[in-house]
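Reviewing the structure listed below.
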Amino acid sequence: MAKSHPVDAHVGVRMRQRRTLLGMSQTKLGDAVGLTFQQVQKYERGSNRVGSSRLFEFSKALDVPVSYFFDEMPGNVLTGRPMAGKVKKGGGFGEAGTPFATEKDPLIKRETLELVRAYYKIRDEPLRRRIYELVKSMGEASHAGRAVKKK
(Lines give C-alpha, C1' and ligand atoms only; values in the text may rest on other atoms or scores of the structure.)
Protein backbone atom coordinates (compact mmCIF):
# COMPACT_ATOMS: atom_id res chain seq x y z
CA MET A 1 0.00 0.00 0.00
CA ALA A 2 1.43 3.38 -1.02
CA LYS A 3 2.04 6.03 1.63
CA SER A 4 0.71 9.56 1.46
CA HIS A 5 2.46 12.12 -0.66
CA PRO A 6 4.33 14.52 1.67
CA VAL A 7 2.33 17.48 0.33
CA ASP A 8 -0.96 15.73 1.14
CA ALA A 9 0.32 15.03 4.66
CA HIS A 10 1.38 18.68 5.11
CA VAL A 11 -1.98 19.99 3.87
CA GLY A 12 -3.70 17.61 6.30
CA VAL A 13 -1.59 18.82 9.22
CA ARG A 14 -2.37 22.46 8.38
CA MET A 15 -6.07 21.60 8.10
CA ARG A 16 -6.05 19.95 11.53
CA GLN A 17 -4.09 22.87 13.04
CA ARG A 18 -6.61 25.43 11.83
CA ARG A 19 -9.64 23.33 12.78
CA THR A 20 -8.25 22.77 16.28
CA LEU A 21 -7.31 26.43 16.67
CA LEU A 22 -10.91 27.36 15.89
CA GLY A 23 -12.18 24.77 18.39
CA MET A 24 -14.05 23.02 15.61
CA SER A 25 -14.72 19.27 15.66
CA GLN A 26 -14.13 17.05 12.65
CA THR A 27 -17.90 16.52 12.53
CA LYS A 28 -18.60 20.26 12.41
CA LEU A 29 -16.02 20.78 9.66
CA GLY A 30 -17.42 17.81 7.76
CA ASP A 31 -20.93 19.25 8.00
CA ALA A 32 -19.67 22.58 6.67
CA VAL A 33 -18.21 20.97 3.54
CA GLY A 34 -20.64 18.08 3.08
CA LEU A 35 -18.44 15.24 4.38
CA THR A 36 -18.47 12.76 7.25
CA PHE A 37 -16.00 13.16 10.10
CA GLN A 38 -14.26 9.99 8.87
CA GLN A 39 -13.59 11.65 5.51
CA VAL A 40 -12.24 14.75 7.25
CA GLN A 41 -10.03 12.45 9.32
CA LYS A 42 -8.59 10.88 6.16
CA TYR A 43 -7.83 14.30 4.68
CA GLU A 44 -6.15 15.38 7.92
CA ARG A 45 -3.98 12.25 7.94
CA GLY A 46 -3.06 12.78 4.30
CA SER A 47 -4.61 9.42 3.38
CA ASN A 48 -6.92 11.12 0.87
CA ARG A 49 -5.78 13.75 -1.58
CA VAL A 50 -7.66 17.03 -1.46
CA GLY A 51 -8.89 18.23 -4.83
CA SER A 52 -8.79 21.93 -5.63
CA SER A 53 -12.55 22.49 -5.27
CA ARG A 54 -12.59 20.62 -1.94
CA LEU A 55 -9.57 22.61 -0.73
CA PHE A 56 -11.45 25.78 -1.63
CA GLU A 57 -14.43 24.58 0.45
CA PHE A 58 -12.14 23.81 3.40
CA SER A 59 -10.56 27.27 3.11
CA LYS A 60 -13.99 28.92 3.31
CA ALA A 61 -15.11 26.75 6.25
CA LEU A 62 -11.86 27.38 8.13
CA ASP A 63 -11.76 31.09 7.15
CA VAL A 64 -8.27 31.02 5.63
CA PRO A 65 -6.94 31.58 2.11
CA VAL A 66 -6.18 28.42 0.12
CA SER A 67 -2.48 29.31 0.35
CA TYR A 68 -2.66 28.74 4.14
CA PHE A 69 -2.56 24.98 3.57
CA PHE A 70 0.81 25.29 1.83
CA ASP A 71 2.40 27.78 4.24
CA GLU A 72 5.39 26.66 6.29
CA MET A 73 5.98 23.67 4.05
CA PRO A 74 9.39 22.19 4.88
CA GLY A 75 11.93 22.10 2.05
CA ASN A 76 12.04 18.30 2.06
CA VAL A 77 8.34 18.26 1.22
CA LEU A 78 8.77 20.57 -1.74
CA THR A 79 11.11 18.05 -3.37
CA GLY A 80 9.10 15.05 -2.16
CA ARG A 81 7.73 12.21 -4.18
CA PRO A 82 4.95 9.80 -3.19
CA MET A 83 6.26 7.64 -0.41
CA ALA A 84 6.18 3.87 -0.90
CA GLY A 85 7.07 1.64 2.01
CA LYS A 86 8.66 2.80 5.24
CA VAL A 87 10.89 5.82 5.59
CA LYS A 88 14.28 5.14 7.11
CA LYS A 89 14.99 6.55 10.55
CA GLY A 90 16.37 10.06 10.30
CA GLY A 91 14.79 10.63 6.90
CA GLY A 92 13.07 13.80 8.05
CA PHE A 93 9.57 12.41 8.36
CA GLY A 94 7.63 12.01 11.58
CA GLU A 95 4.81 9.79 12.67
CA ALA A 96 1.78 9.01 10.50
CA GLY A 97 3.44 10.33 7.34
CA THR A 98 3.73 13.93 8.49
CA PRO A 99 6.58 15.77 6.80
CA PHE A 100 8.40 16.44 10.06
CA ALA A 101 8.85 14.88 13.46
CA THR A 102 5.67 15.74 15.37
CA GLU A 103 7.29 15.66 18.79
CA LYS A 104 9.80 18.32 17.70
CA ASP A 105 7.35 20.74 16.09
CA PRO A 106 5.49 22.69 18.80
CA LEU A 107 3.19 24.27 16.22
CA ILE A 108 1.21 21.08 15.73
CA LYS A 109 0.82 20.14 19.39
CA ARG A 110 -2.68 20.41 20.81
CA GLU A 111 -1.26 22.25 23.85
CA THR A 112 0.09 25.01 21.60
CA LEU A 113 -3.19 25.39 19.75
CA GLU A 114 -5.17 25.52 23.00
CA LEU A 115 -2.76 28.11 24.42
CA VAL A 116 -3.14 30.31 21.34
CA ARG A 117 -6.93 29.96 21.45
CA ALA A 118 -7.01 30.91 25.16
CA TYR A 119 -4.64 33.83 24.52
CA TYR A 120 -6.92 35.33 21.89
CA LYS A 121 -9.93 35.00 24.17
CA ILE A 122 -8.38 37.75 26.30
CA ARG A 123 -10.22 40.81 25.00
CA ASP A 124 -8.15 43.40 26.88
CA GLU A 125 -5.36 44.12 24.36
CA PRO A 126 -2.90 45.77 26.79
CA LEU A 127 -3.31 42.82 29.18
CA ARG A 128 -2.87 40.34 26.34
CA ARG A 129 0.31 42.17 25.24
CA ARG A 130 1.71 42.08 28.81
CA ILE A 131 1.03 38.33 28.98
CA TYR A 132 2.81 37.90 25.66
CA GLU A 133 5.83 39.85 26.91
CA LEU A 134 5.87 37.85 30.17
CA VAL A 135 5.79 34.48 28.41
CA LYS A 136 8.40 35.64 25.90
CA SER A 137 10.79 36.81 28.64
CA MET A 138 10.25 33.59 30.60
CA GLY A 139 11.10 31.57 27.51
CA GLU A 140 14.23 33.62 26.86
CA ALA A 141 15.32 33.29 30.51
CA SER A 142 14.71 29.55 30.42
CA HIS A 143 16.67 29.20 27.18
CA ALA A 144 19.55 31.31 28.55
CA GLY A 145 19.57 29.24 31.76
CA ARG A 146 19.77 26.03 29.76
CA ALA A 147 22.66 27.40 27.68
CA VAL A 148 24.60 28.32 30.86
CA LYS A 149 24.10 24.81 32.32
CA LYS A 150 25.49 23.16 29.16
CA LYS A 151 28.82 25.04 29.49
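Within each chain, counting starts at residue 1; across the C-alpha coordinates, chains are named A, B, ... in the order shown, with ligands numbered 1 upward in that order.
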What lies within 12 Å of Ser67 in chain A using only C-alpha atoms, ignoring chain neighbours under 5 positions off, as a PyMOL selection string? chain A and resi 11+14-15+52+55-56+58-60+72-73
Using only C-alpha atoms, which residues sit within 9 Å of Val13 in chain A once same-chain residues fewer than 2 positions away are excluded, as JSON, numbers by chain? {"A": [8, 9, 10, 11, 15, 16, 17, 18, 43, 44, 45, 46, 69, 98, 108]}
May I have the residues from that selection written out with all heavy atoms, as a short mmCIF file (atom, residue, chain, number, x, y, z; two decimals), in the first residue's frame?
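Wrote it out as out-v8.cif, contents follow:
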data_model
loop_
_atom_site.label_atom_id
_atom_site.label_comp_id
_atom_site.auth_asym_id
_atom_site.auth_seq_id
_atom_site.Cartn_x
_atom_site.Cartn_y
_atom_site.Cartn_z
N ASP A 8 0.36 16.06 0.60
CA ASP A 8 -0.96 15.73 1.14
C ASP A 8 -0.91 15.67 2.66
O ASP A 8 -1.83 16.14 3.35
CB ASP A 8 -1.46 14.39 0.60
CG ASP A 8 -1.67 14.40 -0.90
OD1 ASP A 8 -2.09 15.45 -1.43
OD2 ASP A 8 -1.41 13.38 -1.54
N ALA A 9 0.16 15.11 3.20
CA ALA A 9 0.32 15.03 4.66
C ALA A 9 0.44 16.43 5.25
O ALA A 9 -0.17 16.73 6.28
CB ALA A 9 1.55 14.19 5.01
N HIS A 10 1.22 17.31 4.60
CA HIS A 10 1.38 18.68 5.11
C HIS A 10 0.05 19.44 5.08
O HIS A 10 -0.31 20.10 6.05
CB HIS A 10 2.43 19.43 4.29
CG HIS A 10 2.63 20.84 4.74
ND1 HIS A 10 3.38 21.16 5.85
CD2 HIS A 10 2.14 22.01 4.27
CE1 HIS A 10 3.35 22.47 6.03
NE2 HIS A 10 2.60 23.00 5.09
N VAL A 11 -0.67 19.33 3.98
CA VAL A 11 -1.98 19.99 3.87
C VAL A 11 -2.91 19.48 4.98
O VAL A 11 -3.61 20.26 5.62
CB VAL A 11 -2.61 19.78 2.47
CG1 VAL A 11 -4.07 20.19 2.44
CG2 VAL A 11 -1.81 20.55 1.42
N MET A 15 -4.62 21.63 7.94
CA MET A 15 -6.07 21.60 8.10
C MET A 15 -6.43 21.31 9.56
O MET A 15 -7.27 21.99 10.15
CB MET A 15 -6.67 20.53 7.18
CG MET A 15 -8.17 20.53 7.11
SD MET A 15 -8.80 19.22 6.03
CE MET A 15 -7.94 19.57 4.50
N ARG A 16 -5.78 20.30 10.14
CA ARG A 16 -6.05 19.95 11.53
C ARG A 16 -5.67 21.08 12.48
O ARG A 16 -6.40 21.40 13.41
CB ARG A 16 -5.30 18.67 11.92
CG ARG A 16 -5.70 18.19 13.32
CD ARG A 16 -4.96 16.96 13.77
NE ARG A 16 -3.60 17.35 14.11
CZ ARG A 16 -2.50 16.75 13.69
NH1 ARG A 16 -2.57 15.73 12.89
NH2 ARG A 16 -1.32 17.19 14.04
N GLN A 17 -4.52 21.74 12.21
CA GLN A 17 -4.09 22.87 13.04
C GLN A 17 -5.17 23.95 13.08
O GLN A 17 -5.54 24.42 14.15
CB GLN A 17 -2.82 23.51 12.47
CG GLN A 17 -1.56 22.81 12.78
CD GLN A 17 -0.37 23.54 12.15
OE1 GLN A 17 -0.49 24.20 11.12
NE2 GLN A 17 0.78 23.38 12.77
N ARG A 18 -5.63 24.34 11.91
CA ARG A 18 -6.61 25.43 11.83
C ARG A 18 -7.93 25.03 12.47
O ARG A 18 -8.52 25.80 13.22
CB ARG A 18 -6.82 25.84 10.37
CG ARG A 18 -7.79 26.97 10.18
CD ARG A 18 -7.34 28.24 10.85
NE ARG A 18 -8.34 29.29 10.63
CZ ARG A 18 -8.31 30.44 11.22
NH1 ARG A 18 -7.35 30.77 12.05
NH2 ARG A 18 -9.27 31.32 10.97
N TYR A 43 -8.52 13.15 5.26
CA TYR A 43 -7.83 14.30 4.68
C TYR A 43 -6.77 14.81 5.65
O TYR A 43 -5.65 15.15 5.24
CB TYR A 43 -8.82 15.43 4.36
CG TYR A 43 -9.65 15.20 3.13
CD1 TYR A 43 -11.04 15.27 3.20
CD2 TYR A 43 -9.07 14.94 1.89
CE1 TYR A 43 -11.82 15.07 2.06
CE2 TYR A 43 -9.84 14.74 0.75
CZ TYR A 43 -11.21 14.81 0.85
OH TYR A 43 -11.97 14.63 -0.27
N GLU A 44 -7.10 14.88 6.94
CA GLU A 44 -6.15 15.38 7.92
C GLU A 44 -4.93 14.47 8.06
O GLU A 44 -3.85 14.94 8.36
CB GLU A 44 -6.83 15.58 9.27
CG GLU A 44 -7.78 16.76 9.28
CD GLU A 44 -8.40 17.04 10.64
OE1 GLU A 44 -8.15 16.28 11.61
OE2 GLU A 44 -9.15 18.03 10.74
N ARG A 45 -5.10 13.19 7.88
CA ARG A 45 -3.98 12.25 7.94
C ARG A 45 -3.18 12.24 6.65
O ARG A 45 -2.08 11.69 6.61
CB ARG A 45 -4.51 10.82 8.16
CG ARG A 45 -4.91 10.54 9.56
CD ARG A 45 -5.13 9.04 9.70
NE ARG A 45 -6.04 8.79 10.78
CZ ARG A 45 -7.11 8.03 10.72
NH1 ARG A 45 -7.42 7.40 9.60
NH2 ARG A 45 -7.88 7.86 11.76
N GLY A 46 -3.72 12.82 5.60
CA GLY A 46 -3.06 12.78 4.30
C GLY A 46 -3.34 11.51 3.54
O GLY A 46 -2.75 11.26 2.50
N PHE A 69 -2.84 26.41 3.48
CA PHE A 69 -2.56 24.98 3.57
C PHE A 69 -1.16 24.63 3.10
O PHE A 69 -0.64 23.56 3.41
CB PHE A 69 -3.61 24.17 2.80
CG PHE A 69 -4.99 24.38 3.33
CD1 PHE A 69 -5.92 25.15 2.64
CD2 PHE A 69 -5.38 23.83 4.55
CE1 PHE A 69 -7.20 25.35 3.15
CE2 PHE A 69 -6.65 24.03 5.06
CZ PHE A 69 -7.57 24.79 4.36
N THR A 98 3.59 12.48 8.49
CA THR A 98 3.73 13.93 8.49
C THR A 98 5.12 14.28 8.00
O THR A 98 6.05 13.51 8.18
CB THR A 98 3.48 14.54 9.89
OG1 THR A 98 4.41 13.97 10.80
CG2 THR A 98 2.07 14.35 10.34
N ILE A 108 2.29 22.00 15.99
CA ILE A 108 1.21 21.08 15.73
C ILE A 108 0.74 20.35 16.99
O ILE A 108 -0.09 19.46 16.90
CB ILE A 108 1.56 20.07 14.62
CG1 ILE A 108 2.74 19.21 15.00
CG2 ILE A 108 1.79 20.78 13.30
CD1 ILE A 108 3.02 18.10 14.00
#
For Lys28 in chain A, the closest of A:Ser53, A:Arg129, A:Arg110, A:Ala61 counting only C-alpha atoms is A:Ala61
